[in-house]
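Data file: coords_15.cif. Format and content: mmCIF, N, CA and C atoms.
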```cif
data_start
loop_
_atom_site.group_PDB
_atom_site.id
_atom_site.type_symbol
_atom_site.label_atom_id
_atom_site.label_comp_id
_atom_site.auth_asym_id
_atom_site.auth_seq_id
_atom_site.Cartn_x
_atom_site.Cartn_y
_atom_site.Cartn_z
ATOM 1 N N ALA M 1 -120.488 -7.407 -35.337
ATOM 2 C CA ALA M 1 -121.651 -8.250 -35.163
ATOM 3 C C ALA M 1 -121.271 -9.567 -34.488
ATOM 4 N N ASP M 2 -120.129 -10.132 -34.888
ATOM 5 C CA ASP M 2 -119.699 -11.404 -34.290
ATOM 6 C C ASP M 2 -119.446 -11.268 -32.800
ATOM 7 N N LEU M 3 -118.814 -10.168 -32.408
ATOM 8 C CA LEU M 3 -118.533 -9.926 -30.998
ATOM 9 C C LEU M 3 -119.833 -9.823 -30.204
ATOM 10 N N TYR M 4 -120.808 -9.102 -30.741
ATOM 11 C CA TYR M 4 -122.110 -8.985 -30.090
ATOM 12 C C TYR M 4 -122.791 -10.360 -29.996
ATOM 13 N N LEU M 5 -122.823 -11.081 -31.110
ATOM 14 C CA LEU M 5 -123.492 -12.387 -31.116
ATOM 15 C C LEU M 5 -122.852 -13.346 -30.122
ATOM 16 N N THR M 6 -121.539 -13.315 -30.025
ATOM 17 C CA THR M 6 -120.826 -14.210 -29.114
ATOM 18 C C THR M 6 -121.030 -13.840 -27.654
ATOM 19 N N ASN M 7 -121.034 -12.558 -27.339
ATOM 20 C CA ASN M 7 -120.997 -12.120 -25.947
ATOM 21 C C ASN M 7 -122.294 -11.542 -25.405
ATOM 22 N N CYS M 8 -123.192 -11.115 -26.253
ATOM 23 C CA CYS M 8 -124.351 -10.360 -25.781
ATOM 24 C C CYS M 8 -125.700 -10.986 -26.123
ATOM 25 N N SER M 9 -125.752 -11.721 -27.221
ATOM 26 C CA SER M 9 -127.048 -12.161 -27.735
ATOM 27 C C SER M 9 -127.768 -13.181 -26.854
ATOM 28 N N ASN M 10 -127.050 -13.923 -26.035
ATOM 29 C CA ASN M 10 -127.738 -14.879 -25.157
ATOM 30 C C ASN M 10 -128.721 -14.185 -24.231
ATOM 31 N N CYS M 11 -128.399 -12.987 -23.813
ATOM 32 C CA CYS M 11 -129.316 -12.218 -22.963
ATOM 33 C C CYS M 11 -130.131 -11.216 -23.786
ATOM 34 N N HIS M 12 -129.439 -10.423 -24.606
ATOM 35 C CA HIS M 12 -130.086 -9.314 -25.298
ATOM 36 C C HIS M 12 -130.783 -9.698 -26.592
ATOM 37 N N GLY M 13 -130.589 -10.928 -27.052
ATOM 38 C CA GLY M 13 -131.218 -11.383 -28.286
ATOM 39 C C GLY M 13 -130.384 -11.062 -29.507
ATOM 40 N N VAL M 14 -130.594 -11.800 -30.556
ATOM 41 C CA VAL M 14 -129.826 -11.648 -31.790
ATOM 42 C C VAL M 14 -129.958 -10.240 -32.356
ATOM 43 N N TYR M 15 -131.124 -9.649 -32.240
ATOM 44 C CA TYR M 15 -131.369 -8.319 -32.792
ATOM 45 C C TYR M 15 -131.426 -7.225 -31.731
ATOM 46 N N GLY M 16 -131.012 -7.529 -30.494
ATOM 47 C CA GLY M 16 -130.981 -6.526 -29.437
ATOM 48 C C GLY M 16 -132.311 -6.235 -28.784
ATOM 49 N N GLU M 17 -133.286 -7.087 -28.998
ATOM 50 C CA GLU M 17 -134.633 -6.824 -28.506
ATOM 51 C C GLU M 17 -134.859 -7.233 -27.053
ATOM 52 N N GLY M 18 -133.834 -7.776 -26.400
ATOM 53 C CA GLY M 18 -133.972 -8.197 -25.011
ATOM 54 C C GLY M 18 -134.612 -9.552 -24.856
ATOM 55 N N ASP M 19 -134.596 -10.336 -25.924
ATOM 56 C CA ASP M 19 -135.311 -11.603 -25.935
ATOM 57 C C ASP M 19 -134.391 -12.816 -26.125
ATOM 58 N N GLY M 20 -133.163 -12.727 -25.639
ATOM 59 C CA GLY M 20 -132.246 -13.857 -25.758
ATOM 60 C C GLY M 20 -132.720 -15.040 -24.934
ATOM 61 N N PRO M 21 -132.192 -16.219 -25.203
ATOM 62 C CA PRO M 21 -132.650 -17.422 -24.505
ATOM 63 C C PRO M 21 -132.434 -17.392 -22.994
ATOM 64 N N VAL M 22 -131.513 -16.588 -22.509
ATOM 65 C CA VAL M 22 -131.249 -16.490 -21.066
ATOM 66 C C VAL M 22 -132.145 -15.437 -20.407
ATOM 67 N N SER M 23 -132.698 -14.529 -21.183
ATOM 68 C CA SER M 23 -133.429 -13.387 -20.613
ATOM 69 C C SER M 23 -134.563 -13.765 -19.662
ATOM 70 N N PRO M 24 -135.321 -14.835 -19.896
ATOM 71 C CA PRO M 24 -136.380 -15.164 -18.936
ATOM 72 C C PRO M 24 -135.859 -15.525 -17.540
ATOM 73 N N ASP M 25 -134.616 -15.941 -17.451
ATOM 74 C CA ASP M 25 -134.036 -16.328 -16.163
ATOM 75 C C ASP M 25 -133.369 -15.176 -15.423
ATOM 76 N N LEU M 26 -133.310 -14.003 -16.032
ATOM 77 C CA LEU M 26 -132.668 -12.850 -15.399
ATOM 78 C C LEU M 26 -133.618 -12.175 -14.415
ATOM 79 N N PRO M 27 -133.058 -11.542 -13.370
ATOM 80 C CA PRO M 27 -133.906 -10.898 -12.367
ATOM 81 C C PRO M 27 -134.497 -9.563 -12.829
ATOM 82 N N VAL M 28 -134.102 -9.096 -14.020
ATOM 83 C CA VAL M 28 -134.598 -7.827 -14.552
ATOM 84 C C VAL M 28 -135.082 -8.039 -15.984
ATOM 85 N N GLU M 29 -135.990 -7.181 -16.421
ATOM 86 C CA GLU M 29 -136.424 -7.204 -17.810
ATOM 87 C C GLU M 29 -135.454 -6.351 -18.620
ATOM 88 N N LEU M 30 -134.930 -6.910 -19.690
ATOM 89 C CA LEU M 30 -133.964 -6.183 -20.508
ATOM 90 C C LEU M 30 -134.671 -5.255 -21.479
ATOM 91 N N LEU M 31 -134.137 -4.049 -21.613
ATOM 92 C CA LEU M 31 -134.690 -3.095 -22.564
ATOM 93 C C LEU M 31 -134.222 -3.434 -23.974
ATOM 94 N N ASP M 32 -134.950 -2.980 -24.952
ATOM 95 C CA ASP M 32 -134.610 -3.166 -26.352
ATOM 96 C C ASP M 32 -133.436 -2.241 -26.687
ATOM 97 N N LEU M 33 -132.293 -2.826 -27.024
ATOM 98 C CA LEU M 33 -131.081 -2.047 -27.304
ATOM 99 C C LEU M 33 -131.189 -1.243 -28.597
ATOM 100 N N ARG M 34 -132.176 -1.532 -29.412
ATOM 101 C CA ARG M 34 -132.339 -0.793 -30.668
ATOM 102 C C ARG M 34 -132.887 0.616 -30.442
ATOM 103 N N TYR M 35 -133.303 0.901 -29.212
ATOM 104 C CA TYR M 35 -133.884 2.209 -28.910
ATOM 105 C C TYR M 35 -133.033 3.013 -27.935
ATOM 106 N N LEU M 36 -131.756 2.695 -27.835
ATOM 107 C CA LEU M 36 -130.874 3.453 -26.942
ATOM 108 C C LEU M 36 -130.833 4.931 -27.333
ATOM 109 N N SER M 37 -130.699 5.212 -28.612
ATOM 110 C CA SER M 37 -130.655 6.607 -29.064
ATOM 111 C C SER M 37 -131.961 7.322 -28.771
ATOM 112 N N GLN M 38 -133.061 6.661 -29.071
ATOM 113 C CA GLN M 38 -134.370 7.275 -28.852
ATOM 114 C C GLN M 38 -134.581 7.607 -27.379
ATOM 115 N N ARG M 39 -134.147 6.707 -26.489
ATOM 116 C CA ARG M 39 -134.297 6.950 -25.057
ATOM 117 C C ARG M 39 -133.304 7.991 -24.544
ATOM 118 N N ASN M 40 -132.368 8.416 -25.407
ATOM 119 C CA ASN M 40 -131.350 9.386 -25.025
ATOM 120 C C ASN M 40 -131.465 10.648 -25.885
ATOM 121 N N GLY M 41 -132.688 11.057 -26.173
ATOM 122 C CA GLY M 41 -132.920 12.294 -26.912
ATOM 123 C C GLY M 41 -132.417 12.276 -28.341
ATOM 124 N N GLY M 42 -132.346 11.094 -28.961
ATOM 125 C CA GLY M 42 -131.922 10.987 -30.351
ATOM 126 C C GLY M 42 -130.418 10.862 -30.549
ATOM 127 N N VAL M 43 -129.674 10.792 -29.453
ATOM 128 C CA VAL M 43 -128.212 10.687 -29.534
ATOM 129 C C VAL M 43 -127.784 9.335 -28.986
ATOM 130 N N TYR M 44 -126.991 8.611 -29.773
ATOM 131 C CA TYR M 44 -126.511 7.313 -29.304
ATOM 132 C C TYR M 44 -125.556 7.523 -28.124
ATOM 133 N N PRO M 45 -125.814 6.897 -26.964
ATOM 134 C CA PRO M 45 -125.016 7.122 -25.747
ATOM 135 C C PRO M 45 -123.761 6.242 -25.668
ATOM 136 N N ALA M 46 -122.801 6.493 -26.552
ATOM 137 C CA ALA M 46 -121.601 5.648 -26.644
ATOM 138 C C ALA M 46 -120.841 5.572 -25.324
ATOM 139 N N ASP M 47 -120.676 6.693 -24.644
ATOM 140 C CA ASP M 47 -119.929 6.675 -23.381
ATOM 141 C C ASP M 47 -120.648 5.831 -22.331
ATOM 142 N N PHE M 48 -121.955 5.949 -22.251
ATOM 143 C CA PHE M 48 -122.741 5.167 -21.309
ATOM 144 C C PHE M 48 -122.617 3.675 -21.618
ATOM 145 N N VAL M 49 -122.739 3.313 -22.885
ATOM 146 C CA VAL M 49 -122.616 1.907 -23.276
ATOM 147 C C VAL M 49 -121.227 1.387 -22.928
ATOM 148 N N THR M 50 -120.206 2.169 -23.201
ATOM 149 C CA THR M 50 -118.833 1.766 -22.856
ATOM 150 C C THR M 50 -118.706 1.504 -21.365
ATOM 151 N N GLU M 51 -119.263 2.381 -20.554
ATOM 152 C CA GLU M 51 -119.167 2.221 -19.099
ATOM 153 C C GLU M 51 -119.936 0.996 -18.605
ATOM 154 N N ILE M 52 -121.025 0.666 -19.259
ATOM 155 C CA ILE M 52 -121.770 -0.559 -18.912
ATOM 156 C C ILE M 52 -120.941 -1.782 -19.298
ATOM 157 N N VAL M 53 -120.423 -1.778 -20.520
ATOM 158 C CA VAL M 53 -119.683 -2.928 -21.036
ATOM 159 C C VAL M 53 -118.409 -3.184 -20.242
ATOM 160 N N ASP M 54 -117.656 -2.120 -19.942
ATOM 161 C CA ASP M 54 -116.368 -2.344 -19.260
ATOM 162 C C ASP M 54 -116.493 -2.421 -17.739
ATOM 163 N N GLY M 55 -117.697 -2.197 -17.217
ATOM 164 C CA GLY M 55 -117.927 -2.403 -15.801
ATOM 165 C C GLY M 55 -117.850 -1.176 -14.917
ATOM 166 N N ARG M 56 -117.620 0.007 -15.489
ATOM 167 C CA ARG M 56 -117.569 1.216 -14.656
ATOM 168 C C ARG M 56 -118.931 1.573 -14.093
ATOM 169 N N ILE M 57 -119.985 1.269 -14.842
ATOM 170 C CA ILE M 57 -121.356 1.399 -14.345
ATOM 171 C C ILE M 57 -121.885 -0.024 -14.239
ATOM 172 N N THR M 58 -122.482 -0.349 -13.126
ATOM 173 C CA THR M 58 -122.944 -1.719 -12.948
ATOM 174 C C THR M 58 -124.449 -1.828 -13.153
ATOM 175 N N ARG M 59 -124.839 -2.985 -13.573
ATOM 176 C CA ARG M 59 -126.238 -3.367 -13.691
ATOM 177 C C ARG M 59 -126.362 -4.702 -12.986
ATOM 178 N N SER M 60 -127.451 -4.911 -12.262
ATOM 179 C CA SER M 60 -127.605 -6.148 -11.501
ATOM 180 C C SER M 60 -127.514 -7.379 -12.389
ATOM 181 N N SER M 61 -127.973 -7.283 -13.616
ATOM 182 C CA SER M 61 -127.931 -8.434 -14.518
ATOM 183 C C SER M 61 -126.523 -8.727 -15.027
ATOM 184 N N HIS M 62 -125.611 -7.765 -14.890
ATOM 185 C CA HIS M 62 -124.235 -7.947 -15.362
ATOM 186 C C HIS M 62 -123.299 -8.412 -14.268
ATOM 187 N N GLY M 63 -123.776 -8.644 -13.082
ATOM 188 C CA GLY M 63 -122.921 -9.145 -12.015
ATOM 189 C C GLY M 63 -122.524 -8.053 -11.051
ATOM 190 N N PRO M 64 -121.799 -8.419 -9.983
ATOM 191 C CA PRO M 64 -121.412 -7.451 -8.957
ATOM 192 C C PRO M 64 -120.353 -6.467 -9.455
ATOM 193 N N ALA M 65 -120.292 -5.310 -8.799
ATOM 194 C CA ALA M 65 -119.352 -4.265 -9.202
ATOM 195 C C ALA M 65 -117.914 -4.733 -9.129
ATOM 196 N N SER M 66 -117.615 -5.649 -8.239
ATOM 197 C CA SER M 66 -116.245 -6.117 -8.102
ATOM 198 C C SER M 66 -115.819 -7.033 -9.244
ATOM 199 N N MET M 67 -116.739 -7.420 -10.108
ATOM 200 C CA MET M 67 -116.411 -8.332 -11.198
ATOM 201 C C MET M 67 -117.105 -7.887 -12.472
ATOM 202 N N PRO M 68 -116.622 -6.812 -13.119
ATOM 203 C CA PRO M 68 -117.247 -6.358 -14.367
ATOM 204 C C PRO M 68 -117.174 -7.456 -15.416
ATOM 205 N N VAL M 69 -118.304 -7.827 -15.943
ATOM 206 C CA VAL M 69 -118.371 -8.994 -16.805
ATOM 207 C C VAL M 69 -117.522 -8.848 -18.060
ATOM 208 N N TRP M 70 -117.749 -7.834 -18.873
ATOM 209 C CA TRP M 70 -117.072 -7.779 -20.169
ATOM 210 C C TRP M 70 -115.749 -7.056 -20.116
ATOM 211 N N GLY M 71 -115.551 -6.105 -19.229
ATOM 212 C CA GLY M 71 -114.232 -5.488 -19.112
ATOM 213 C C GLY M 71 -113.187 -6.536 -18.799
ATOM 214 N N ALA M 72 -113.490 -7.406 -17.851
ATOM 215 C CA ALA M 72 -112.559 -8.473 -17.478
ATOM 216 C C ALA M 72 -112.426 -9.496 -18.600
ATOM 217 N N GLU M 73 -113.531 -9.852 -19.209
ATOM 218 C CA GLU M 73 -113.499 -10.850 -20.286
ATOM 219 C C GLU M 73 -112.719 -10.336 -21.493
ATOM 220 N N PHE M 74 -112.944 -9.094 -21.862
ATOM 221 C CA PHE M 74 -112.264 -8.527 -23.018
ATOM 222 C C PHE M 74 -110.774 -8.330 -22.766
ATOM 223 N N ALA M 75 -110.360 -8.279 -21.516
ATOM 224 C CA ALA M 75 -108.953 -8.081 -21.184
ATOM 225 C C ALA M 75 -108.139 -9.364 -21.271
ATOM 226 N N ARG M 76 -108.802 -10.494 -21.380
ATOM 227 C CA ARG M 76 -108.091 -11.775 -21.443
ATOM 228 C C ARG M 76 -107.124 -11.798 -22.621
ATOM 229 N N THR M 77 -105.964 -12.378 -22.401
ATOM 230 C CA THR M 77 -104.999 -12.536 -23.475
ATOM 231 C C THR M 77 -105.435 -13.700 -24.346
ATOM 232 N N GLU M 78 -105.584 -13.420 -25.621
ATOM 233 C CA GLU M 78 -106.008 -14.445 -26.561
ATOM 234 C C GLU M 78 -104.958 -14.554 -27.647
ATOM 235 N N ALA M 79 -105.289 -15.181 -28.716
ATOM 236 C CA ALA M 79 -104.372 -15.340 -29.832
ATOM 237 C C ALA M 79 -104.314 -14.070 -30.668
ATOM 238 N N GLU M 80 -104.621 -12.943 -30.059
ATOM 239 C CA GLU M 80 -104.637 -11.676 -30.781
ATOM 240 C C GLU M 80 -103.240 -11.085 -30.921
ATOM 241 N N GLY M 81 -102.314 -11.545 -30.106
ATOM 242 C CA GLY M 81 -100.949 -11.056 -30.198
ATOM 243 C C GLY M 81 -100.746 -9.655 -29.652
ATOM 244 N N GLU M 82 -101.724 -9.114 -28.973
ATOM 245 C CA GLU M 82 -101.592 -7.773 -28.405
ATOM 246 C C GLU M 82 -101.148 -7.872 -26.963
ATOM 247 N N SER M 83 -100.253 -6.991 -26.573
ATOM 248 C CA SER M 83 -99.838 -6.975 -25.181
ATOM 249 C C SER M 83 -100.514 -5.842 -24.419
ATOM 250 N N ASP M 84 -101.107 -4.894 -25.120
ATOM 251 C CA ASP M 84 -101.746 -3.743 -24.490
ATOM 252 C C ASP M 84 -103.203 -4.085 -24.166
ATOM 253 N N VAL M 85 -103.440 -4.450 -22.904
ATOM 254 C CA VAL M 85 -104.772 -4.868 -22.475
ATOM 255 C C VAL M 85 -105.784 -3.747 -22.664
ATOM 256 N N ASP M 86 -105.425 -2.518 -22.284
ATOM 257 C CA ASP M 86 -106.360 -1.401 -22.424
ATOM 258 C C ASP M 86 -106.779 -1.203 -23.877
ATOM 259 N N ALA M 87 -105.830 -1.323 -24.791
ATOM 260 C CA ALA M 87 -106.150 -1.158 -26.215
ATOM 261 C C ALA M 87 -107.074 -2.270 -26.697
ATOM 262 N N ARG M 88 -106.862 -3.493 -26.224
ATOM 263 C CA ARG M 88 -107.702 -4.621 -26.622
ATOM 264 C C ARG M 88 -109.131 -4.425 -26.120
ATOM 265 N N VAL M 89 -109.271 -4.030 -24.852
ATOM 266 C CA VAL M 89 -110.602 -3.794 -24.289
ATOM 267 C C VAL M 89 -111.283 -2.646 -25.037
ATOM 268 N N GLN M 90 -110.554 -1.574 -25.303
ATOM 269 C CA GLN M 90 -111.131 -0.425 -26.000
ATOM 270 C C GLN M 90 -111.573 -0.802 -27.413
ATOM 271 N N ALA M 91 -110.762 -1.593 -28.116
ATOM 272 C CA ALA M 91 -111.113 -1.989 -29.479
ATOM 273 C C ALA M 91 -112.392 -2.823 -29.498
ATOM 274 N N LYS M 92 -112.518 -3.724 -28.551
ATOM 275 C CA LYS M 92 -113.722 -4.561 -28.498
ATOM 276 C C LYS M 92 -114.943 -3.744 -28.097
ATOM 277 N N THR M 93 -114.769 -2.840 -27.166
ATOM 278 C CA THR M 93 -115.871 -1.973 -26.748
ATOM 279 C C THR M 93 -116.293 -1.065 -27.892
ATOM 280 N N ASP M 94 -115.321 -0.534 -28.618
ATOM 281 C CA ASP M 94 -115.632 0.309 -29.778
ATOM 282 C C ASP M 94 -116.407 -0.481 -30.828
ATOM 283 N N ALA M 95 -116.019 -1.729 -31.041
ATOM 284 C CA ALA M 95 -116.710 -2.566 -32.023
ATOM 285 C C ALA M 95 -118.159 -2.818 -31.599
ATOM 286 N N LEU M 96 -118.374 -3.076 -30.316
ATOM 287 C CA LEU M 96 -119.748 -3.262 -29.834
ATOM 288 C C LEU M 96 -120.561 -1.988 -29.987
ATOM 289 N N ASN M 97 -119.952 -0.855 -29.657
ATOM 290 C CA ASN M 97 -120.646 0.421 -29.819
ATOM 291 C C ASN M 97 -121.030 0.649 -31.272
ATOM 292 N N GLU M 98 -120.136 0.349 -32.194
ATOM 293 C CA GLU M 98 -120.434 0.536 -33.611
ATOM 294 C C GLU M 98 -121.596 -0.356 -34.047
ATOM 295 N N PHE M 99 -121.583 -1.614 -33.606
ATOM 296 C CA PHE M 99 -122.685 -2.518 -33.931
ATOM 297 C C PHE M 99 -124.003 -1.973 -33.384
ATOM 298 N N LEU M 100 -124.011 -1.600 -32.113
ATOM 299 C CA LEU M 100 -125.245 -1.098 -31.494
ATOM 300 C C LEU M 100 -125.707 0.204 -32.138
ATOM 301 N N ARG M 101 -124.777 1.064 -32.483
ATOM 302 C CA ARG M 101 -125.128 2.319 -33.160
ATOM 303 C C ARG M 101 -125.828 2.008 -34.489
ATOM 304 N N ASN M 102 -125.368 0.995 -35.182
ATOM 305 C CA ASN M 102 -125.924 0.644 -36.483
ATOM 306 C C ASN M 102 -127.299 -0.018 -36.424
ATOM 307 N N ILE M 103 -127.701 -0.537 -35.277
ATOM 308 C CA ILE M 103 -129.022 -1.181 -35.189
ATOM 309 C C ILE M 103 -130.086 -0.257 -34.564
ATOM 310 N N GLN M 104 -129.734 0.989 -34.335
ATOM 311 C CA GLN M 104 -130.677 1.904 -33.704
ATOM 312 C C GLN M 104 -131.875 2.186 -34.592
ATOM 313 N N ILE M 105 -133.048 2.247 -33.974
ATOM 314 C CA ILE M 105 -134.293 2.632 -34.628
ATOM 315 C C ILE M 105 -134.636 4.017 -34.121
ATOM 316 N N ASN M 106 -134.715 4.976 -34.995
ATOM 317 C CA ASN M 106 -134.893 6.363 -34.574
ATOM 318 C C ASN M 106 -136.279 6.909 -34.883
ATOM 319 N N ASP M 107 -137.257 6.035 -34.957
ATOM 320 C CA ASP M 107 -138.638 6.482 -35.227
ATOM 321 C C ASP M 107 -139.254 7.066 -33.998
#
```
Would you mind giving the structure from this file in structure tokens?
Amino acid sequence: ADLYLTNCSNCHGVYGEGDGPVSPDLPVELLDLRYLSQRNGGVYPADFVTEIVDGRITRSSHGPASMPVWGAEFARTEAEGESDVDARVQAKTDALNEFLRNIQIND
């Protein structure tokens, strides 16, 4: 939840509803992240979310393809003491996927 709140909520909103304080300034309307599973036939699209987050699939609101926003950000060396950049990015992406999976509304 902390990772999402720090990195995603300004655009996507605290609860994933697409209503973050930056969202009115974006060139696209953000979808409600709580309905990812519903829009994907009842299955949470973890691989798709991972590809969006790490930059393999681009969205205009996430910046140009040459500069994936969160893949690059998550790869930064921090006080985590890890030298394996791929493992650090994967761990953060997995944590975001788990958070998003837990907020899904399946009605």
Exercise for review: Find the residues near segment 19-34 of chain M: any atom within 6.5 Å, counting only N, CA and C atoms, skip ones fewer than 2 places away on the same chain, and give them as a ChimeraX atom specification.
Suggested key: /M:9-17,36-38,61,103-105
Could you dump the residues just selected with N, CA and C atoms as a JSON list (two decimals), keeping the file's coordinate frame?
```json
[["chain", "number", "residue", "atom", "x", "y", "z"],
["M", 9, "SER", "N", -125.75, -11.72, -27.22],
["M", 9, "SER", "CA", -127.05, -12.16, -27.74],
["M", 9, "SER", "C", -127.77, -13.18, -26.85],
["M", 10, "ASN", "N", -127.05, -13.92, -26.04],
["M", 10, "ASN", "CA", -127.74, -14.88, -25.16],
["M", 10, "ASN", "C", -128.72, -14.18, -24.23],
["M", 11, "CYS", "N", -128.40, -12.99, -23.81],
["M", 11, "CYS", "CA", -129.32, -12.22, -22.96],
["M", 11, "CYS", "C", -130.13, -11.22, -23.79],
["M", 12, "HIS", "N", -129.44, -10.42, -24.61],
["M", 12, "HIS", "CA", -130.09, -9.31, -25.30],
["M", 12, "HIS", "C", -130.78, -9.70, -26.59],
["M", 13, "GLY", "N", -130.59, -10.93, -27.05],
["M", 13, "GLY", "CA", -131.22, -11.38, -28.29],
["M", 13, "GLY", "C", -130.38, -11.06, -29.51],
["M", 14, "VAL", "N", -130.59, -11.80, -30.56],
["M", 14, "VAL", "CA", -129.83, -11.65, -31.79],
["M", 14, "VAL", "C", -129.96, -10.24, -32.36],
["M", 15, "TYR", "N", -131.12, -9.65, -32.24],
["M", 15, "TYR", "CA", -131.37, -8.32, -32.79],
["M", 15, "TYR", "C", -131.43, -7.22, -31.73],
["M", 16, "GLY", "N", -131.01, -7.53, -30.49],
["M", 16, "GLY", "CA", -130.98, -6.53, -29.44],
["M", 16, "GLY", "C", -132.31, -6.24, -28.78],
["M", 17, "GLU", "N", -133.29, -7.09, -29.00],
["M", 17, "GLU", "CA", -134.63, -6.82, -28.51],
["M", 17, "GLU", "C", -134.86, -7.23, -27.05],
["M", 36, "LEU", "N", -131.76, 2.70, -27.84],
["M", 36, "LEU", "CA", -130.87, 3.45, -26.94],
["M", 36, "LEU", "C", -130.83, 4.93, -27.33],
["M", 37, "SER", "N", -130.70, 5.21, -28.61],
["M", 37, "SER", "CA", -130.66, 6.61, -29.06],
["M", 37, "SER", "C", -131.96, 7.32, -28.77],
["M", 38, "GLN", "N", -133.06, 6.66, -29.07],
["M", 38, "GLN", "CA", -134.37, 7.28, -28.85],
["M", 38, "GLN", "C", -134.58, 7.61, -27.38],
["M", 61, "SER", "N", -127.97, -7.28, -13.62],
["M", 61, "SER", "CA", -127.93, -8.43, -14.52],
["M", 61, "SER", "C", -126.52, -8.73, -15.03],
["M", 103, "ILE", "N", -127.70, -0.54, -35.28],
["M", 103, "ILE", "CA", -129.02, -1.18, -35.19],
["M", 103, "ILE", "C", -130.09, -0.26, -34.56],
["M", 104, "GLN", "N", -129.73, 0.99, -34.34],
["M", 104, "GLN", "CA", -130.68, 1.90, -33.70],
["M", 104, "GLN", "C", -131.88, 2.19, -34.59],
["M", 105, "ILE", "N", -133.05, 2.25, -33.97],
["M", 105, "ILE", "CA", -134.29, 2.63, -34.63],
["M", 105, "ILE", "C", -134.64, 4.02, -34.12]]
```
Hey, can I get the axis-aligned box for segment 35-48 of chain M? All listed atoms, 3 Å padding on each side, centre and edge lengths in Å to one decimal, as JSON.
```
{"center_x": -127.3, "center_y": 6.6, "center_z": -25.9, "size_x": 20.7, "size_y": 17.4, "size_z": 15.2}
```
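Taking atom N of Arg39 of chain M as the reference point, atom CA of Ala87 of chain M is found at 29.1 Å.
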Practice item. Identify, on the basis of only C-alpha atoms, every residue whose closest approach to Tyr44 of chain M does not exceed 10 Å; exclude the query and any residue fewer than 2 positions from it along the same chain; express the result as a VMD selection string. Key: chain M and resid 35 to 42 46 to 49 97 100 to 102 104 106
Study note, to complete from the structure: Between atom CA of Leu5 of chain M and atom CA of Asp54 of chain M lies a distance of 17.1 Å
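One finds atom C of Gly55 of chain M at 15.9 Å from atom CA of Asn7 of chain M.
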